[in-house]
>>> print(open('target_6.cif').read())   # mmCIF, C-alpha atoms and all ligand atoms
data_start
loop_
_atom_site.label_atom_id
_atom_site.label_comp_id
_atom_site.auth_asym_id
_atom_site.auth_seq_id
_atom_site.Cartn_x
_atom_site.Cartn_y
_atom_site.Cartn_z
CA THR W 1 0.00 0.00 0.00
CA GLN W 2 1.62 3.24 -1.17
CA ILE W 3 0.77 6.19 1.05
CA THR W 4 0.31 9.68 -0.41
CA GLY W 5 -0.35 11.28 2.95
CA VAL W 6 -2.24 11.07 6.19
CA GLU W 7 -4.94 13.37 7.46
CA LEU W 8 -5.23 13.86 11.23
CA ARG W 9 -8.72 15.15 11.86
CA ARG W 10 -10.19 16.11 15.21
CA ILE W 11 -13.89 15.98 15.93
CA THR W 12 -16.05 16.62 19.02
CA MET W 13 -19.02 14.43 19.76
CA PRO W 14 -21.27 15.12 22.77
CA LEU W 15 -22.32 12.00 24.69
CA VAL W 16 -26.07 11.48 25.23
CA ALA W 17 -25.39 11.34 28.99
CA PRO W 18 -22.31 11.87 31.18
CA PHE W 19 -20.32 8.65 31.64
CA ARG W 20 -18.77 8.35 35.11
CA THR W 21 -16.10 5.85 36.05
CA SER W 22 -13.82 5.55 39.08
CA PHE W 23 -11.27 7.73 37.23
CA GLY W 24 -13.50 10.59 36.09
CA VAL W 25 -16.54 11.83 34.17
CA GLU W 26 -16.80 12.20 30.40
CA THR W 27 -19.52 14.38 28.89
CA GLY W 28 -18.27 14.25 25.33
CA ARG W 29 -15.59 12.70 23.15
CA ASP W 30 -12.76 14.67 21.55
CA VAL W 31 -11.75 12.13 18.93
CA LEU W 32 -8.75 11.90 16.61
CA LEU W 33 -9.54 10.34 13.23
CA VAL W 34 -6.76 9.06 11.01
CA ARG W 35 -7.30 8.98 7.24
CA VAL W 36 -4.61 7.26 5.20
CA VAL W 37 -4.69 8.29 1.53
CA THR W 38 -3.29 6.03 -1.18
CA PRO W 39 -3.29 6.69 -4.94
CA ASP W 40 -6.61 4.83 -5.36
CA HIS W 41 -8.19 4.48 -1.93
CA GLU W 42 -8.41 5.85 1.56
CA GLY W 43 -8.49 4.13 4.92
CA TRP W 44 -10.15 5.38 8.07
CA ALA W 45 -9.45 4.71 11.72
CA GLU W 46 -10.39 6.19 15.06
CA CYS W 47 -7.82 6.68 17.81
CA GLY W 48 -9.15 5.44 21.14
CA ALA W 49 -7.11 7.91 23.19
CA PRO W 50 -9.32 9.94 25.56
CA SER W 51 -8.85 13.66 26.31
CA GLU W 52 -6.96 13.09 29.56
CA PRO W 53 -4.41 10.47 30.65
CA ARG W 54 -6.55 8.88 33.38
CA TYR W 55 -7.52 5.47 32.01
CA CYS W 56 -3.91 5.01 30.85
CA SER W 57 -1.00 7.30 30.01
CA GLU W 58 -2.25 8.15 26.52
CA TYR W 59 -4.33 11.21 25.67
CA VAL W 60 -5.56 12.55 22.36
CA ASP W 61 -3.19 15.53 21.95
CA GLY W 62 -0.25 13.25 22.79
CA ALA W 63 -1.40 10.65 20.29
CA GLN W 64 -1.68 13.26 17.55
CA ASP W 65 1.76 14.62 18.42
CA VAL W 66 3.54 11.26 18.27
CA LEU W 67 1.77 10.40 15.01
CA ARG W 68 2.72 13.75 13.45
CA ARG W 69 6.33 13.77 14.68
CA PHE W 70 7.37 10.12 14.50
CA LEU W 71 4.97 7.37 13.56
CA ILE W 72 3.70 8.54 10.15
CA HIS W 73 7.23 9.41 8.96
CA ALA W 74 8.50 5.97 9.95
CA LEU W 75 6.36 4.30 7.28
CA PRO W 76 8.39 3.62 4.12
CA LYS W 77 7.65 6.00 1.23
CA ASP W 78 7.44 3.26 -1.38
CA GLY W 79 4.60 1.44 0.30
CA VAL W 80 3.84 -0.72 3.27
CA ASP W 81 1.84 -3.83 4.07
CA ALA W 82 -0.43 -3.38 7.09
CA GLN W 83 1.06 -6.57 8.57
CA ALA W 84 4.46 -4.82 8.71
CA VAL W 85 3.31 -1.61 10.41
CA GLY W 86 3.60 -3.00 13.96
CA ARG W 87 7.19 -4.11 13.41
CA ILE W 88 8.14 -0.79 11.76
CA LEU W 89 6.72 1.20 14.70
CA ARG W 90 8.21 -1.07 17.38
CA PRO W 91 11.36 1.10 17.95
CA PHE W 92 9.02 3.76 19.35
CA THR W 93 7.96 2.60 22.80
CA GLY W 94 4.43 2.78 24.12
CA HIS W 95 1.82 4.99 22.37
CA ARG W 96 -0.24 1.95 21.49
CA MET W 97 -3.45 3.86 20.82
CA ALA W 98 -1.67 6.10 18.31
CA LYS W 99 -0.02 3.06 16.68
CA SER W 100 -3.32 1.21 16.56
CA ALA W 101 -5.00 4.07 14.71
CA LEU W 102 -2.26 4.26 12.07
CA GLU W 103 -2.09 0.50 11.52
CA THR W 104 -5.87 0.27 11.33
CA ALA W 105 -6.14 3.07 8.76
CA VAL W 106 -3.46 1.39 6.60
CA LEU W 107 -5.25 -1.95 6.94
CA ASP W 108 -8.58 -0.35 6.02
CA ALA W 109 -7.10 1.18 2.86
CA GLN W 110 -5.46 -2.13 1.96
CA LEU W 111 -8.61 -4.18 2.50
CA ARG W 112 -10.75 -1.68 0.56
CA ALA W 113 -8.32 -2.06 -2.33
CA ALA W 114 -8.57 -5.84 -2.05
CA GLY W 115 -12.36 -5.79 -1.63
CA GLU W 116 -12.14 -7.77 1.61
CA SER W 117 -13.91 -7.00 4.89
CA PHE W 118 -12.21 -6.64 8.28
CA GLY W 119 -14.27 -9.55 9.57
CA SER W 120 -13.16 -11.85 6.76
CA TYR W 121 -9.51 -10.77 7.14
CA LEU W 122 -9.46 -11.23 10.92
CA GLY W 123 -11.25 -14.59 10.82
CA ALA W 124 -14.77 -13.79 11.98
CA ALA W 125 -16.88 -16.84 12.76
CA ARG W 126 -20.30 -15.14 12.67
CA ASP W 127 -22.09 -12.24 11.04
CA ARG W 128 -23.59 -10.66 14.14
CA VAL W 129 -22.49 -10.37 17.76
CA PRO W 130 -24.39 -10.20 21.05
CA CYS W 131 -23.98 -6.86 22.82
CA GLY W 132 -23.53 -5.74 26.37
CA VAL W 133 -23.51 -2.22 27.75
CA SER W 134 -21.28 -0.46 30.27
CA VAL W 135 -23.29 1.55 32.81
CA GLY W 136 -21.57 4.44 34.57
CA ILE W 137 -21.59 5.34 38.25
CA MET W 138 -24.79 7.23 39.06
CA ASP W 139 -25.86 9.71 41.73
CA SER W 140 -28.32 7.26 43.28
CA VAL W 141 -29.41 3.63 43.17
CA PRO W 142 -32.88 4.51 41.76
CA ALA W 143 -31.21 6.41 38.91
CA LEU W 144 -29.03 3.36 38.22
CA LEU W 145 -32.03 1.00 38.22
CA ASP W 146 -33.81 3.26 35.72
CA ALA W 147 -30.78 3.24 33.42
CA VAL W 148 -30.36 -0.54 33.63
CA GLU W 149 -34.08 -1.01 33.04
CA ARG W 150 -33.90 1.01 29.81
CA TYR W 151 -30.90 -0.96 28.54
CA VAL W 152 -32.51 -4.31 29.34
CA ALA W 153 -35.67 -3.15 27.51
CA GLU W 154 -33.51 -2.23 24.49
CA GLY W 155 -32.28 -5.81 24.39
CA TYR W 156 -28.75 -5.63 25.79
CA VAL W 157 -27.81 -9.17 26.78
CA ARG W 158 -25.29 -8.24 29.46
CA ILE W 159 -24.95 -5.36 31.91
CA LYS W 160 -21.64 -4.07 33.23
CA LEU W 161 -21.74 -1.77 36.24
CA LYS W 162 -18.90 0.62 36.93
CA ILE W 163 -17.89 0.41 40.59
CA GLU W 164 -15.60 2.25 43.01
CA PRO W 165 -15.14 2.23 46.80
CA GLY W 166 -18.50 3.40 48.20
CA TRP W 167 -20.42 2.29 45.06
CA ASP W 168 -20.08 -1.49 44.85
CA VAL W 169 -22.09 -3.95 46.98
CA GLU W 170 -25.17 -1.72 47.28
CA PRO W 171 -25.75 -1.01 43.57
CA VAL W 172 -24.90 -4.60 42.61
CA ARG W 173 -27.36 -5.99 45.17
CA ALA W 174 -30.07 -3.55 44.01
CA VAL W 175 -29.66 -4.58 40.36
CA ARG W 176 -29.62 -8.29 41.26
CA GLU W 177 -32.80 -7.94 43.33
CA ARG W 178 -34.65 -5.96 40.68
CA PHE W 179 -33.88 -8.10 37.61
CA ASP W 180 -34.08 -11.81 36.80
CA ASP W 181 -31.39 -14.10 38.19
CA ASP W 182 -30.34 -14.97 34.66
CA LEU W 183 -29.39 -11.36 33.77
CA LEU W 184 -25.71 -11.52 32.81
CA LEU W 185 -24.05 -9.05 35.18
CA GLN W 186 -20.45 -7.97 35.71
CA VAL W 187 -18.57 -5.05 37.26
CA ASP W 188 -15.60 -2.86 36.31
CA ALA W 189 -13.52 -1.03 38.93
CA ASN W 190 -10.99 0.63 36.60
CA ALA W 191 -8.19 0.01 39.10
CA ALA W 192 -9.93 1.75 42.03
CA TYR W 193 -9.09 -0.81 44.75
CA THR W 194 -6.03 -2.27 46.48
CA LEU W 195 -5.38 -5.69 47.96
CA VAL W 196 -6.42 -4.26 51.36
CA ASP W 197 -10.00 -4.17 49.96
CA ALA W 198 -10.06 -7.95 49.30
CA GLN W 199 -12.72 -8.62 51.97
CA GLN W 200 -15.01 -5.92 50.58
CA LEU W 201 -14.55 -7.28 47.03
CA ALA W 202 -15.28 -10.82 48.29
CA ARG W 203 -18.74 -9.60 49.32
CA LEU W 204 -19.50 -9.37 45.59
CA ASP W 205 -19.13 -13.18 45.41
CA ASP W 206 -22.76 -13.53 46.55
CA PHE W 207 -24.18 -12.00 43.39
CA GLY W 208 -23.19 -14.49 40.71
CA LEU W 209 -21.20 -11.99 38.66
CA LEU W 210 -19.66 -13.12 35.37
CA LEU W 211 -16.46 -11.35 36.36
CA ILE W 212 -14.86 -8.39 38.10
CA GLU W 213 -12.82 -6.25 35.70
CA GLN W 214 -9.54 -4.58 36.68
CA PRO W 215 -10.06 -4.31 40.44
CA LEU W 216 -6.43 -3.30 41.16
CA ALA W 217 -3.87 -0.95 39.64
CA ASN W 218 -2.70 -1.32 36.05
CA ASP W 219 0.77 -2.57 37.03
CA ASP W 220 -0.38 -4.86 39.87
CA MET W 221 -0.23 -8.16 37.98
CA VAL W 222 1.15 -10.12 40.94
CA GLN W 223 -1.42 -8.67 43.32
CA HIS W 224 -4.22 -9.58 40.93
CA ALA W 225 -2.95 -13.17 41.14
CA GLN W 226 -3.12 -12.95 44.94
CA LEU W 227 -6.60 -11.44 44.84
CA ALA W 228 -7.79 -14.21 42.50
CA LYS W 229 -7.13 -16.70 45.30
CA LEU W 230 -9.35 -14.71 47.68
CA LEU W 231 -12.38 -14.29 45.38
CA ARG W 232 -14.80 -16.71 43.77
CA THR W 233 -15.75 -14.09 41.14
CA PRO W 234 -13.45 -14.51 38.11
CA ILE W 235 -10.98 -11.67 37.56
CA CYS W 236 -10.87 -10.05 34.12
CA LEU W 237 -8.02 -7.71 33.19
CA ASP W 238 -8.39 -4.61 31.02
CA GLU W 239 -5.79 -1.87 31.75
CA SER W 240 -3.09 -4.40 32.77
CA ILE W 241 -2.98 -6.11 29.36
CA GLU W 242 -1.16 -3.97 26.80
CA SER W 243 0.21 -6.77 24.61
CA ALA W 244 0.18 -10.50 23.92
CA THR W 245 3.26 -10.69 26.15
CA ASP W 246 1.28 -9.20 29.04
CA ALA W 247 -1.58 -11.62 28.33
CA ALA W 248 0.80 -14.59 28.45
CA ALA W 249 2.24 -13.36 31.75
CA ALA W 250 -1.20 -12.77 33.27
CA ILE W 251 -2.44 -16.21 32.27
CA SER W 252 0.61 -18.06 33.55
CA LEU W 253 0.60 -16.07 36.81
CA GLY W 254 -3.09 -16.71 37.37
CA ALA W 255 -3.73 -12.95 37.49
CA CYS W 256 -6.91 -13.31 35.41
CA SER W 257 -9.22 -15.94 33.99
CA VAL W 258 -10.90 -13.64 31.45
CA ILE W 259 -9.47 -10.87 29.23
CA ASN W 260 -11.10 -7.69 27.94
CA ILE W 261 -9.47 -7.09 24.54
CA LYS W 262 -9.47 -3.49 23.35
CA PRO W 263 -7.61 -3.09 20.06
CA ALA W 264 -6.70 0.52 20.93
CA ARG W 265 -5.11 -0.44 24.23
CA VAL W 266 -2.96 -3.23 22.77
CA GLY W 267 -1.70 -1.39 19.67
CA GLY W 268 -4.11 -2.63 17.02
CA TYR W 269 -6.29 -5.39 15.63
CA LEU W 270 -3.38 -7.67 14.74
CA GLU W 271 -2.05 -7.69 18.32
CA ALA W 272 -5.65 -8.04 19.50
CA ARG W 273 -5.98 -11.14 17.36
CA ARG W 274 -2.73 -12.55 18.79
CA ILE W 275 -4.15 -12.12 22.30
CA HIS W 276 -7.35 -13.83 21.16
CA ASP W 277 -5.38 -16.75 19.73
CA LEU W 278 -3.26 -17.11 22.86
CA ALA W 279 -6.24 -16.90 25.22
CA ARG W 280 -8.20 -19.38 23.13
CA ALA W 281 -5.34 -21.87 23.23
CA HIS W 282 -5.40 -21.58 27.03
CA GLY W 283 -9.18 -21.83 27.32
CA VAL W 284 -9.39 -18.24 28.58
CA PRO W 285 -12.58 -16.47 27.40
CA VAL W 286 -12.21 -12.98 25.92
CA TRP W 287 -14.61 -10.17 25.04
CA CYS W 288 -14.29 -6.93 23.14
CA GLY W 289 -14.09 -3.75 25.21
CA GLY W 290 -14.50 -0.22 23.95
CA MET W 291 -13.35 3.37 24.33
CA LEU W 292 -16.72 5.04 23.65
CA GLU W 293 -15.95 4.85 19.93
CA THR W 294 -17.91 6.46 17.11
CA GLY W 295 -19.19 4.22 14.32
CA ILE W 296 -15.70 4.23 12.76
CA GLY W 297 -14.07 2.48 15.70
CA ARG W 298 -17.18 0.43 16.46
CA ALA W 299 -17.27 -1.13 12.98
CA ALA W 300 -13.80 -2.62 13.35
CA ASN W 301 -14.48 -3.70 16.95
CA LEU W 302 -17.54 -5.64 15.78
CA ALA W 303 -15.41 -7.52 13.24
CA LEU W 304 -12.97 -8.49 16.00
CA ALA W 305 -15.79 -9.46 18.36
CA ALA W 306 -16.97 -11.98 15.76
CA LEU W 307 -13.83 -14.15 16.20
CA PRO W 308 -14.53 -17.58 17.72
CA GLY W 309 -12.78 -16.99 21.06
CA PHE W 310 -14.97 -13.97 21.88
CA THR W 311 -17.36 -16.12 23.91
CA LEU W 312 -18.65 -13.37 26.21
CA PRO W 313 -20.76 -10.36 25.12
CA GLY W 314 -18.66 -7.20 24.86
CA ASP W 315 -19.06 -3.45 25.32
CA THR W 316 -19.87 -2.98 21.60
CA SER W 317 -23.11 -1.09 22.21
CA GLY W 318 -25.43 0.55 19.69
CA SER W 319 -24.69 4.08 18.43
CA HIS W 320 -27.47 5.68 20.46
CA ARG W 321 -26.02 4.48 23.76
CA TYR W 322 -23.29 7.03 23.08
CA PHE W 323 -24.36 9.66 20.55
CA ALA W 324 -27.61 11.23 19.34
CA THR W 325 -25.99 11.44 15.89
CA ASP W 326 -23.19 9.02 15.10
CA LEU W 327 -20.44 9.77 12.62
CA THR W 328 -21.51 6.83 10.45
CA GLU W 329 -24.87 5.25 9.67
CA PRO W 330 -25.99 4.32 13.18
CA PHE W 331 -25.45 0.82 14.55
CA VAL W 332 -28.84 -0.29 15.87
CA LEU W 333 -29.41 -3.31 18.09
CA SER W 334 -31.66 -6.05 16.77
CA ASP W 335 -32.58 -8.77 19.23
CA GLY W 336 -29.60 -7.76 21.38
CA HIS W 337 -27.14 -8.12 18.51
CA LEU W 338 -25.22 -5.85 16.13
CA GLU W 339 -24.33 -6.91 12.63
CA VAL W 340 -20.69 -7.24 11.63
CA PRO W 341 -20.14 -4.89 8.66
CA ALA W 342 -19.64 -6.95 5.51
CA GLY W 343 -18.38 -4.30 3.05
CA PRO W 344 -14.69 -3.83 2.12
CA GLY W 345 -12.38 -2.68 4.93
CA ILE W 346 -14.19 -1.58 8.08
CA GLY W 347 -17.33 -1.46 5.93
CA VAL W 348 -18.44 2.03 6.94
CA ALA W 349 -17.32 5.62 6.32
CA PRO W 350 -18.02 8.95 8.01
CA LEU W 351 -21.21 10.64 6.77
CA PRO W 352 -19.81 13.77 5.01
CA ASP W 353 -22.36 16.20 6.48
CA VAL W 354 -21.90 14.93 10.03
CA LEU W 355 -18.13 14.88 9.62
CA ASP W 356 -18.09 18.53 8.50
CA GLU W 357 -20.30 19.57 11.36
CA VAL W 358 -18.25 17.92 14.13
CA THR W 359 -14.75 18.66 12.78
CA THR W 360 -12.68 21.04 14.89
CA SER W 361 -9.35 20.81 13.05
CA SER W 362 -7.56 18.99 10.28
CA GLU W 363 -3.88 18.51 9.59
CA TRP W 364 -2.29 16.95 6.47
CA ILE W 365 0.97 15.04 6.77
CA ALA W 366 2.38 14.46 3.27
CA ARG W 367 4.61 11.44 2.64
O1 LIG F 1 -12.79 0.43 31.38
O2 LIG F 1 -13.87 -0.53 29.86
C1 LIG F 1 -13.46 0.51 30.38
C2 LIG F 1 -14.91 3.51 28.52
C3 LIG F 1 -13.82 4.35 28.49
C4 LIG F 1 -12.66 3.96 29.09
C5 LIG F 1 -12.57 2.72 29.75
C6 LIG F 1 -13.67 1.86 29.76
C7 LIG F 1 -14.87 2.28 29.17
C8 LIG F 1 -16.10 1.50 29.22
C9 LIG F 1 -17.14 1.71 28.14
O3 LIG F 1 -16.37 0.74 30.11
C10 LIG F 1 -16.79 0.96 26.89
C11 LIG F 1 -17.65 1.36 25.71
O4 LIG F 1 -18.87 1.29 25.80
O5 LIG F 1 -17.08 1.76 24.68
MG MG F 2 -12.56 -1.63 31.79
#
>>> encode(input="target_6.cif", output="structure tokens", more="lines below")
Ligand code: OSB
Ligand code: MG
Amino acid sequence: TQITGVELRRITMPLVAPFRTSFGVETGRDVLLVRVVTPDHEGWAECGAPSEPRYCSEYVDGAQDVLRRFLIHALPKDGVDAQAVGRILRPFTGHRMAKSALETAVLDAQLRAAGESFGSYLGAARDRVPCGVSVGIMDSVPALLDAVERYVAEGYVRIKLKIEPGWDVEPVRAVRERFDDDLLLQVDANAAYTLVDAQQLARLDDFGLLLIEQPLANDDMVQHAQLAKLLRTPICLDESIESATDAAAAISLGACSVINIKPARVGGYLEARRIHDLARAHGVPVWCGGMLETGIGRAANLALAALPGFTLPGDTSGSHRYFATDLTEPFVLSDGHLEVPAGPGIGVAPLPDVLDEVTTSSEWIAR
């Protein structure tokens, strides 16, 4: 794939409701889009980096800076295969969300040229995927029950509650009491606890949760392994897993028995697939997480979520869970599922009118 240049475009998208986690509140998304232009095609990708470095060290201005200064210029002028992008960018440490966006845009352009879909390329085993939804921390338990009720009515097949110290056993008990026992329920702490909280976290064992996601700090792999021995609820890692190497370490340490795979967090869809393959070989279930993506990021996530090892519903929710107007044709739940786009590449493109309206800046990096 020969690259003429790369557009770095910033957009702002208000969220339909504030999304609160243990690390902060988001009321909108300030998103970096990467458009790779080739002589005959273009490829689109969305960078998962949030506005502030709270979830992890990356943030959107930093991602744009490292792309502009280093990553884009590292790609060879005479063309590059998407499979080689990861190796070419490896001398630059970290910045996985920025790398993921560039690799994904190159892959999209390449697959559009070849007329092949992301799902087909990655090895999707189905054409639609069951969807869960991530429910933020609320001001009160009644407000939470109302939100969960609406999502269940919309057909979401799994509910994930964000938790933090002071908002854990009570909301989980309230949701369990209000809804059927067979509601698939899990929680996500975004690293808000320490091993000292093990007894409090063990109280969640009574509620039949599918898993507890990232209870301890990002770099506390060994302590997650210790916590796993104290809980009956399976531990799932999100922030701690930045690569297939991390996944291998976590599995062999016993730090987790489930993995949330976010392509942005691990540097792209190819590394995401390697984690899937590794986990599958070890009998470790995986599911596809999200970074509140627009339709551009969501499309590719759905293709990944269709791989055979993704045996748990993910956070790939419908467009209207996030945005009143999505950047692409909206993804709408049908019977609790979203369709995997079947067209070439990611199978969707920004709607030109919406794109114009939400764009705040654009920068062209010629090659
Ligand atoms: O921890 O999974 C997380 C959103 C932003 C940052 C981190 C997380 C999340 C979510 C929502 O839980 C995922 C989504 O719906 O895209
Ligand atoms: Mg998480």
>>> closest_residue(input="target_6.cif", among="W:Thr38, W:Ala279, W:Ala147, W:Ala264", to="Ala249 in chain W", atoms="all atoms listed in the file")
W:Ala279
>>> residues_around(input="target_6.cif", residues="Phe70 in chain W", least_positions_apart="6", cutoff="12 Å", atoms="only C-alpha atoms", output="PDB file with C-alpha atoms, keeping the file's coordinate frame")
ATOM      1  CA  GLY W  62      -0.250  13.250  22.790  1.00  0.00           C
ATOM      2  CA  ALA W  63      -1.400  10.650  20.290  1.00  0.00           C
ATOM      3  CA  GLN W  64      -1.680  13.260  17.550  1.00  0.00           C
ATOM      4  CA  ILE W  88       8.140  -0.790  11.760  1.00  0.00           C
ATOM      5  CA  LEU W  89       6.720   1.200  14.700  1.00  0.00           C
ATOM      6  CA  ARG W  90       8.210  -1.070  17.380  1.00  0.00           C
ATOM      7  CA  PRO W  91      11.360   1.100  17.950  1.00  0.00           C
ATOM      8  CA  PHE W  92       9.020   3.760  19.350  1.00  0.00           C
ATOM      9  CA  THR W  93       7.960   2.600  22.800  1.00  0.00           C
ATOM     10  CA  HIS W  95       1.820   4.990  22.370  1.00  0.00           C
ATOM     11  CA  ALA W  98      -1.670   6.100  18.310  1.00  0.00           C
ATOM     12  CA  LYS W  99      -0.020   3.060  16.680  1.00  0.00           C
ATOM     13  CA  LEU W 102      -2.260   4.260  12.070  1.00  0.00           C
ATOM     14  CA  ILE W 365       0.970  15.040   6.770  1.00  0.00           C
TER      15      ILE W 365
END
>>> closest_atom_pairs(input="target_6.cif", of="chain W", to="ligand LIG 1 (chain F)", cutoff="10 Å", atoms="all atoms listed in the file", output="JSON lines")
{"residue": "W:Phe19", "atom": "CA", "partner": "F:LIG1", "partner_atom": "C2", "distance": 8.1}
{"residue": "W:Arg20", "atom": "CA", "partner": "F:LIG1", "partner_atom": "C2", "distance": 9.0}
{"residue": "W:Thr21", "atom": "CA", "partner": "F:LIG1", "partner_atom": "C6", "distance": 7.8}
{"residue": "W:Ser22", "atom": "CA", "partner": "F:LIG1", "partner_atom": "O1", "distance": 9.3}
{"residue": "W:Phe23", "atom": "CA", "partner": "F:LIG1", "partner_atom": "C4", "distance": 9.1}
{"residue": "W:Gly24", "atom": "CA", "partner": "F:LIG1", "partner_atom": "C4", "distance": 9.7}
{"residue": "W:Val25", "atom": "CA", "partner": "F:LIG1", "partner_atom": "C3", "distance": 9.8}
{"residue": "W:Glu26", "atom": "CA", "partner": "F:LIG1", "partner_atom": "C3", "distance": 8.6}
{"residue": "W:Gly48", "atom": "CA", "partner": "F:LIG1", "partner_atom": "C3", "distance": 8.8}
{"residue": "W:Ala49", "atom": "CA", "partner": "F:LIG1", "partner_atom": "C4", "distance": 9.0}
{"residue": "W:Pro50", "atom": "CA", "partner": "F:LIG1", "partner_atom": "C4", "distance": 7.7}
{"residue": "W:Arg54", "atom": "CA", "partner": "F:LIG1", "partner_atom": "C4", "distance": 8.9}
{"residue": "W:Tyr55", "atom": "CA", "partner": "F:LIG1", "partner_atom": "C4", "distance": 6.1}
{"residue": "W:Cys56", "atom": "CA", "partner": "F:LIG1", "partner_atom": "C4", "distance": 9.0}
{"residue": "W:Gly132", "atom": "CA", "partner": "F:LIG1", "partner_atom": "O4", "distance": 8.5}
{"residue": "W:Val133", "atom": "CA", "partner": "F:LIG1", "partner_atom": "O4", "distance": 6.1}
{"residue": "W:Ser134", "atom": "CA", "partner": "F:LIG1", "partner_atom": "O3", "distance": 5.1}
{"residue": "W:Val135", "atom": "CA", "partner": "F:LIG1", "partner_atom": "O3", "distance": 7.5}
{"residue": "W:Gly136", "atom": "CA", "partner": "F:LIG1", "partner_atom": "O3", "distance": 7.8}
{"residue": "W:Lys160", "atom": "CA", "partner": "F:LIG1", "partner_atom": "O3", "distance": 7.8}
{"residue": "W:Leu161", "atom": "CA", "partner": "F:LIG1", "partner_atom": "O3", "distance": 8.5}
{"residue": "W:Lys162", "atom": "CA", "partner": "F:LIG1", "partner_atom": "O3", "distance": 7.3}
{"residue": "W:Val187", "atom": "CA", "partner": "F:LIG1", "partner_atom": "O3", "distance": 9.5}
{"residue": "W:Asp188", "atom": "CA", "partner": "F:LIG1", "partner_atom": "O1", "distance": 6.6}
{"residue": "W:Ala189", "atom": "CA", "partner": "F:LIG1", "partner_atom": "O1", "distance": 7.7}
{"residue": "W:Asn190", "atom": "CA", "partner": "F:LIG1", "partner_atom": "O1", "distance": 5.5}
{"residue": "W:Ala191", "atom": "CA", "partner": "F:LIG1", "partner_atom": "O1", "distance": 9.0}
{"residue": "W:Glu213", "atom": "CA", "partner": "F:LIG1", "partner_atom": "O1", "distance": 8.0}
{"residue": "W:Gln214", "atom": "CA", "partner": "F:LIG1", "partner_atom": "O1", "distance": 8.0}
{"residue": "W:Leu237", "atom": "CA", "partner": "F:LIG1", "partner_atom": "O1", "distance": 9.6}
{"residue": "W:Asp238", "atom": "CA", "partner": "F:LIG1", "partner_atom": "O1", "distance": 6.7}
{"residue": "W:Glu239", "atom": "CA", "partner": "F:LIG1", "partner_atom": "O1", "distance": 7.4}
{"residue": "W:Asn260", "atom": "CA", "partner": "F:LIG1", "partner_atom": "O2", "distance": 7.9}
{"residue": "W:Ile261", "atom": "CA", "partner": "F:LIG1", "partner_atom": "O2", "distance": 9.5}
{"residue": "W:Lys262", "atom": "CA", "partner": "F:LIG1", "partner_atom": "O2", "distance": 8.4}
{"residue": "W:Arg265", "atom": "CA", "partner": "F:LIG1", "partner_atom": "C5", "distance": 9.8}
{"residue": "W:Cys288", "atom": "CA", "partner": "F:LIG1", "partner_atom": "C10", "distance": 9.1}
{"residue": "W:Gly289", "atom": "CA", "partner": "F:LIG1", "partner_atom": "O2", "distance": 5.7}
{"residue": "W:Gly290", "atom": "CA", "partner": "F:LIG1", "partner_atom": "O5", "distance": 3.3}
{"residue": "W:Met291", "atom": "CA", "partner": "F:LIG1", "partner_atom": "O5", "distance": 4.1}
{"residue": "W:Leu292", "atom": "CA", "partner": "F:LIG1", "partner_atom": "O5", "distance": 3.5}
{"residue": "W:Glu293", "atom": "CA", "partner": "F:LIG1", "partner_atom": "O5", "distance": 5.8}
{"residue": "W:Thr294", "atom": "CA", "partner": "F:LIG1", "partner_atom": "O5", "distance": 8.9}
{"residue": "W:Gly297", "atom": "CA", "partner": "F:LIG1", "partner_atom": "O5", "distance": 9.5}
{"residue": "W:Arg298", "atom": "CA", "partner": "F:LIG1", "partner_atom": "O5", "distance": 8.3}
{"residue": "W:Asn301", "atom": "CA", "partner": "F:LIG1", "partner_atom": "O5", "distance": 9.8}
{"residue": "W:Gly314", "atom": "CA", "partner": "F:LIG1", "partner_atom": "O4", "distance": 8.5}
{"residue": "W:Asp315", "atom": "CA", "partner": "F:LIG1", "partner_atom": "O4", "distance": 4.8}
{"residue": "W:Thr316", "atom": "CA", "partner": "F:LIG1", "partner_atom": "O4", "distance": 6.1}
{"residue": "W:Ser317", "atom": "CA", "partner": "F:LIG1", "partner_atom": "O4", "distance": 6.0}
{"residue": "W:Gly318", "atom": "CA", "partner": "F:LIG1", "partner_atom": "O4", "distance": 9.0}
{"residue": "W:Ser319", "atom": "CA", "partner": "F:LIG1", "partner_atom": "O4", "distance": 9.8}
{"residue": "W:Arg321", "atom": "CA", "partner": "F:LIG1", "partner_atom": "O4", "distance": 8.1}
{"residue": "W:Tyr322", "atom": "CA", "partner": "F:LIG1", "partner_atom": "O4", "distance": 7.7}
>>> closest_residue(input="target_6.cif", among="W:Gln186, W:Ser243, W:Thr233, W:Ser51", to="ligand MG 2 (chain F)", atoms="only C-alpha atoms and all ligand atoms")
W:Gln186
>>> residues_around(input="target_6.cif", residues="Arg158 in chain W", least_positions_apart="6", cutoff="7 Å", atoms="only C-alpha atoms", output="MDAnalysis selection string")
chainID W and resid 131:133 183:185 313
